[in-house]
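Here is the file data_2.txt (compact mmCIF, C-alpha atoms).
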# COMPACT_ATOMS: atom_id res chain seq x y z
CA MET A 1 -4.08 -7.90 5.99
CA SER A 2 -1.01 -9.95 6.78
CA THR A 3 0.23 -12.43 9.27
CA ASN A 4 3.75 -12.57 10.61
CA THR A 5 4.86 -15.05 7.95
CA ASP A 6 3.39 -13.42 4.84
CA THR A 7 5.78 -11.83 2.40
CA ILE A 8 4.60 -8.35 1.53
CA TYR A 9 5.73 -7.05 -1.84
CA LEU A 10 6.53 -3.36 -2.04
CA THR A 11 8.30 -1.08 -4.46
CA LYS A 12 11.31 0.81 -3.12
CA GLU A 13 9.22 4.00 -3.09
CA GLY A 14 6.38 2.26 -1.26
CA LEU A 15 8.72 0.96 1.44
CA GLU A 16 10.26 4.41 1.89
CA LYS A 17 6.79 5.95 2.24
CA LEU A 18 5.82 3.42 4.94
CA GLN A 19 9.13 3.93 6.77
CA GLN A 20 8.54 7.71 6.74
CA GLU A 21 5.01 7.24 8.10
CA LEU A 22 6.37 4.99 10.88
CA LYS A 23 9.09 7.52 11.76
CA ASN A 24 6.48 10.31 11.95
CA LEU A 25 4.18 8.25 14.16
CA VAL A 26 6.97 7.27 16.56
CA GLU A 27 8.79 10.62 16.70
CA VAL A 28 5.91 13.09 16.36
CA LYS A 29 2.43 11.61 16.89
CA ARG A 30 3.24 9.32 19.82
CA PRO A 31 4.74 12.18 21.93
CA GLU A 32 1.87 14.54 20.92
CA VAL A 33 -0.75 12.03 22.08
CA ALA A 34 1.16 11.34 25.31
CA ASN A 35 1.17 15.08 26.02
CA ARG A 36 -2.58 15.29 25.32
CA ILE A 37 -3.21 12.45 27.78
CA LYS A 38 -1.00 14.08 30.40
CA ALA A 39 -2.75 17.44 29.99
CA ALA A 40 -6.18 15.80 30.18
CA ARG A 41 -5.21 13.95 33.38
CA GLU A 42 -4.12 17.24 34.93
CA MET A 43 -7.65 18.59 34.39
CA GLY A 44 -8.86 16.35 37.21
CA ASP A 45 -11.56 13.69 37.08
CA ILE A 46 -10.85 11.52 34.01
CA SER A 47 -14.07 9.50 34.29
CA GLU A 48 -16.09 12.17 32.47
CA ASN A 49 -13.26 13.86 30.58
CA ALA A 50 -13.95 13.85 26.83
CA GLU A 51 -10.44 15.09 26.00
CA TYR A 52 -8.91 12.21 27.93
CA ASP A 53 -11.17 9.68 26.16
CA SER A 54 -10.37 11.21 22.78
CA ALA A 55 -6.62 11.20 23.46
CA ARG A 56 -6.72 7.56 24.62
CA GLN A 57 -8.63 6.61 21.48
CA GLU A 58 -6.05 8.36 19.30
CA GLN A 59 -3.26 6.66 21.25
CA SER A 60 -4.85 3.29 20.55
CA PHE A 61 -5.04 4.09 16.82
CA VAL A 62 -1.43 5.38 16.69
CA GLU A 63 -0.05 2.35 18.55
CA GLY A 64 -2.05 -0.02 16.33
CA ARG A 65 -0.75 1.66 13.16
CA ILE A 66 2.83 1.60 14.48
CA SER A 67 2.51 -2.13 15.15
CA GLU A 68 0.99 -2.72 11.69
CA LEU A 69 3.74 -0.73 9.94
CA GLU A 70 6.49 -2.53 11.87
CA ASP A 71 4.99 -5.86 10.79
CA ILE A 72 4.70 -4.76 7.15
CA ILE A 73 8.26 -3.42 7.04
CA LYS A 74 9.66 -6.52 8.76
CA ASN A 75 8.00 -8.79 6.19
CA ALA A 76 8.53 -6.55 3.17
CA LYS A 77 10.29 -7.79 0.08
CA VAL A 78 11.35 -4.91 -2.12
CA THR A 79 10.74 -5.80 -5.72
CA ASP A 80 13.50 -5.59 -8.24
CA LYS A 81 12.49 -4.65 -11.76
CA ALA A 82 15.41 -6.68 -13.13
CA ALA A 83 13.07 -9.26 -14.65
CA GLY A 84 13.92 -7.80 -18.06
CA ASP A 85 11.13 -8.10 -20.56
CA LYS A 86 8.53 -9.63 -18.22
CA VAL A 87 5.98 -7.86 -16.05
CA VAL A 88 6.90 -7.99 -12.35
CA VAL A 89 5.86 -6.08 -9.24
CA GLY A 90 7.34 -2.63 -9.80
CA SER A 91 6.86 -2.65 -13.59
CA LYS A 92 5.06 0.13 -15.40
CA VAL A 93 3.00 -1.54 -18.11
CA THR A 94 1.42 0.25 -21.05
CA VAL A 95 -1.48 -1.67 -22.54
CA HIS A 96 -3.87 -1.21 -25.43
CA ILE A 97 -7.52 -1.64 -24.56
CA ASP A 98 -10.58 -0.72 -26.62
CA GLY A 99 -8.73 1.82 -28.79
CA ASP A 100 -7.02 3.48 -25.80
CA GLU A 101 -3.62 3.21 -24.20
CA GLU A 102 -3.34 2.99 -20.43
CA THR A 103 -0.24 2.74 -18.27
CA PHE A 104 -0.43 0.89 -14.97
CA HIS A 105 2.19 0.60 -12.23
CA ILE A 106 2.12 -2.91 -10.75
CA VAL A 107 2.66 -2.52 -7.00
CA GLY A 108 2.24 -4.42 -3.75
CA ALA A 109 -1.22 -4.56 -2.19
CA TYR A 110 -0.36 -1.91 0.43
CA GLU A 111 0.57 0.60 -2.28
CA ALA A 112 -2.40 0.06 -4.58
CA ASN A 113 -4.25 3.22 -5.59
CA PRO A 114 -6.43 2.83 -8.67
CA ILE A 115 -6.86 6.61 -9.02
CA GLU A 116 -3.07 6.90 -9.51
CA LYS A 117 -3.11 3.83 -11.83
CA LYS A 118 -1.19 1.84 -9.19
CA ILE A 119 -2.69 -1.64 -9.24
CA SER A 120 -1.98 -4.49 -6.89
CA HIS A 121 -0.18 -7.58 -8.12
CA GLU A 122 -3.02 -9.45 -6.38
CA SER A 123 -5.81 -7.75 -8.36
CA PRO A 124 -7.39 -9.56 -11.32
CA LEU A 125 -5.57 -7.35 -13.85
CA GLY A 126 -2.30 -7.21 -11.91
CA SER A 127 -2.08 -10.96 -11.35
CA THR A 128 -2.91 -11.67 -15.00
CA LEU A 129 -0.21 -9.24 -16.21
CA LEU A 130 2.56 -10.79 -14.07
CA GLY A 131 5.08 -12.72 -16.13
CA LYS A 132 3.70 -11.52 -19.47
CA LYS A 133 5.79 -9.98 -22.27
CA ILE A 134 5.36 -7.19 -24.83
CA GLY A 135 2.90 -8.17 -27.54
CA GLU A 136 1.00 -10.68 -25.44
CA LYS A 137 -2.77 -10.38 -25.14
CA ILE A 138 -4.57 -11.10 -21.89
CA GLU A 139 -8.23 -11.33 -21.02
CA VAL A 140 -9.53 -10.09 -17.69
CA GLU A 141 -13.03 -10.50 -16.34
CA ALA A 142 -14.40 -7.07 -15.35
CA PRO A 143 -17.80 -5.82 -14.22
CA VAL A 144 -18.52 -4.76 -17.83
CA GLY A 145 -17.53 -8.19 -19.20
CA LYS A 146 -14.31 -9.67 -20.53
CA LEU A 147 -11.69 -7.09 -21.49
CA THR A 148 -8.73 -7.84 -23.78
CA TYR A 149 -5.48 -6.03 -23.07
CA THR A 150 -2.44 -6.05 -25.39
CA ILE A 151 0.89 -5.28 -23.71
CA LEU A 152 2.68 -2.49 -25.60
CA LYS A 153 5.51 -1.49 -23.28
CA ILE A 154 7.13 -2.60 -20.02
CA GLU A 155 9.32 -0.23 -18.02
Would you mind writing the structure in this file as structure tokens?
Amino acid sequence: MSTNTDTIYLTKEGLEKLQQELKNLVEVKRPEVANRIKAAREMGDISENAEYDSARQEQSFVEGRISELEDIIKNAKVTDKAAGDKVVVGSKVTVHIDGDEETFHIVGAYEANPIEKKISHESPLGSTLLGKKIGEKIEVEAPVGKLTYTILKIE
């Protein structure tokens, strides 16, 4: 999702979550997988050893994820909600839409989770909300047509 020069926006909580995942992979998963490989090798012929193949596959996944997390963390820019009355990455925005109120947390792409109402700053809604103030109306193209949102609150 990123190259070595891309800035990756994360909230403080999002960065901490990724750092914790990295720590777990390096300190727990990596040694577990190494032990599985060692045990599988001790069983003898590795050419037809399903446990060895499985452990090597898991090792490949773990090492790939470690590399990806290191890259993300290295290029991460933790957002600062000090933008005052404007929507920024890290803001919680309450909007009025079709008679309902919804609150969205604007987060970096790696933290996005629509089920938890965490939307990426790169998404159509997230990118349109950035820089807006309370009271402003925005229109966003959605699968059901154009939706109009009115910003009620920014935290």
Within 8 Å of stretch 124-145 of chain A, which residues of stretch 2-103 of chain A come that close, and what is the closest atom pair and distance in Å for each? Count all atoms listed in the file and give it as a tab-separated table.
residue	atom	partner	partner_atom	distance
A:Asp85	CA	A:Lys133	CA	5.9
A:Lys86	CA	A:Lys133	CA	4.9
A:Val87	CA	A:Leu130	CA	4.9
A:Val88	CA	A:Leu130	CA	5.4
A:Val89	CA	A:Leu130	CA	7.5
task: May I have the residues within 9 Å of stretch 61-74 of chain A as a list in words, using all atoms listed in the file and disregarding those fewer than 3 positions away in the same chain?
output: Ser2, Thr3, Asn4, Thr7, Ile8, Leu15, Leu18, Gln19, Glu21, Leu22, Leu25, Val26, Lys29, Arg30, Val33, Arg56, Gln57, Glu58, Lys77 and Tyr110 of chain A
If I wrap all listed atoms of stretch 127-143 of chain A in a box with edges along x, y and z and add 5 Å on each side, what are its centre and edge lengths in Å to one decimal, as JSON?
{"center_x": -6.0, "center_y": -9.3, "center_z": -19.4, "size_x": 33.6, "size_y": 16.9, "size_z": 26.2}
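Proximity ranking of A:Ser54, A:Glu155, A:Tyr149, A:Gly14 relative to A:Lys92 places A:Glu155 first, based on only C-alpha atoms.
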- prompt: Just how far from atom CA of A:Thr94 is atom CA of A:Lys153, in Å to one decimal?
  reply: 5.0 Å
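Between atom CA of A:Leu152 and atom CA of A:His105 the separation is 13.7 Å.
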task: Measuring atom to atom with all atoms listed in the file, identify which of A:Ala55, A:Phe104, A:Gln20, A:Glu48 is nearest to A:Ala34.
output: A:Ala55
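The gap separating atom CA of A:Ser60 from atom CA of A:Lys12 is 28.8 Å, in Å to one decimal.
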Output as JSON lines one row per residue of stretch 52-109 of chain A within 8 Å of stretch 116-119 of chain A: the closest atom pair and its distance in Å to one decimal place, counting only C-alpha atoms, sorted by chain and residue number ascending.
{"residue": "A:Thr103", "atom": "CA", "partner": "A:Lys117", "partner_atom": "CA", "distance": 7.1}
{"residue": "A:Phe104", "atom": "CA", "partner": "A:Lys117", "partner_atom": "CA", "distance": 5.1}
{"residue": "A:His105", "atom": "CA", "partner": "A:Lys118", "partner_atom": "CA", "distance": 4.7}
{"residue": "A:Ile106", "atom": "CA", "partner": "A:Ile119", "partner_atom": "CA", "distance": 5.2}
{"residue": "A:Val107", "atom": "CA", "partner": "A:Ile119", "partner_atom": "CA", "distance": 5.9}
{"residue": "A:Gly108", "atom": "CA", "partner": "A:Ile119", "partner_atom": "CA", "distance": 7.9}
{"residue": "A:Ala109", "atom": "CA", "partner": "A:Ile119", "partner_atom": "CA", "distance": 7.8}
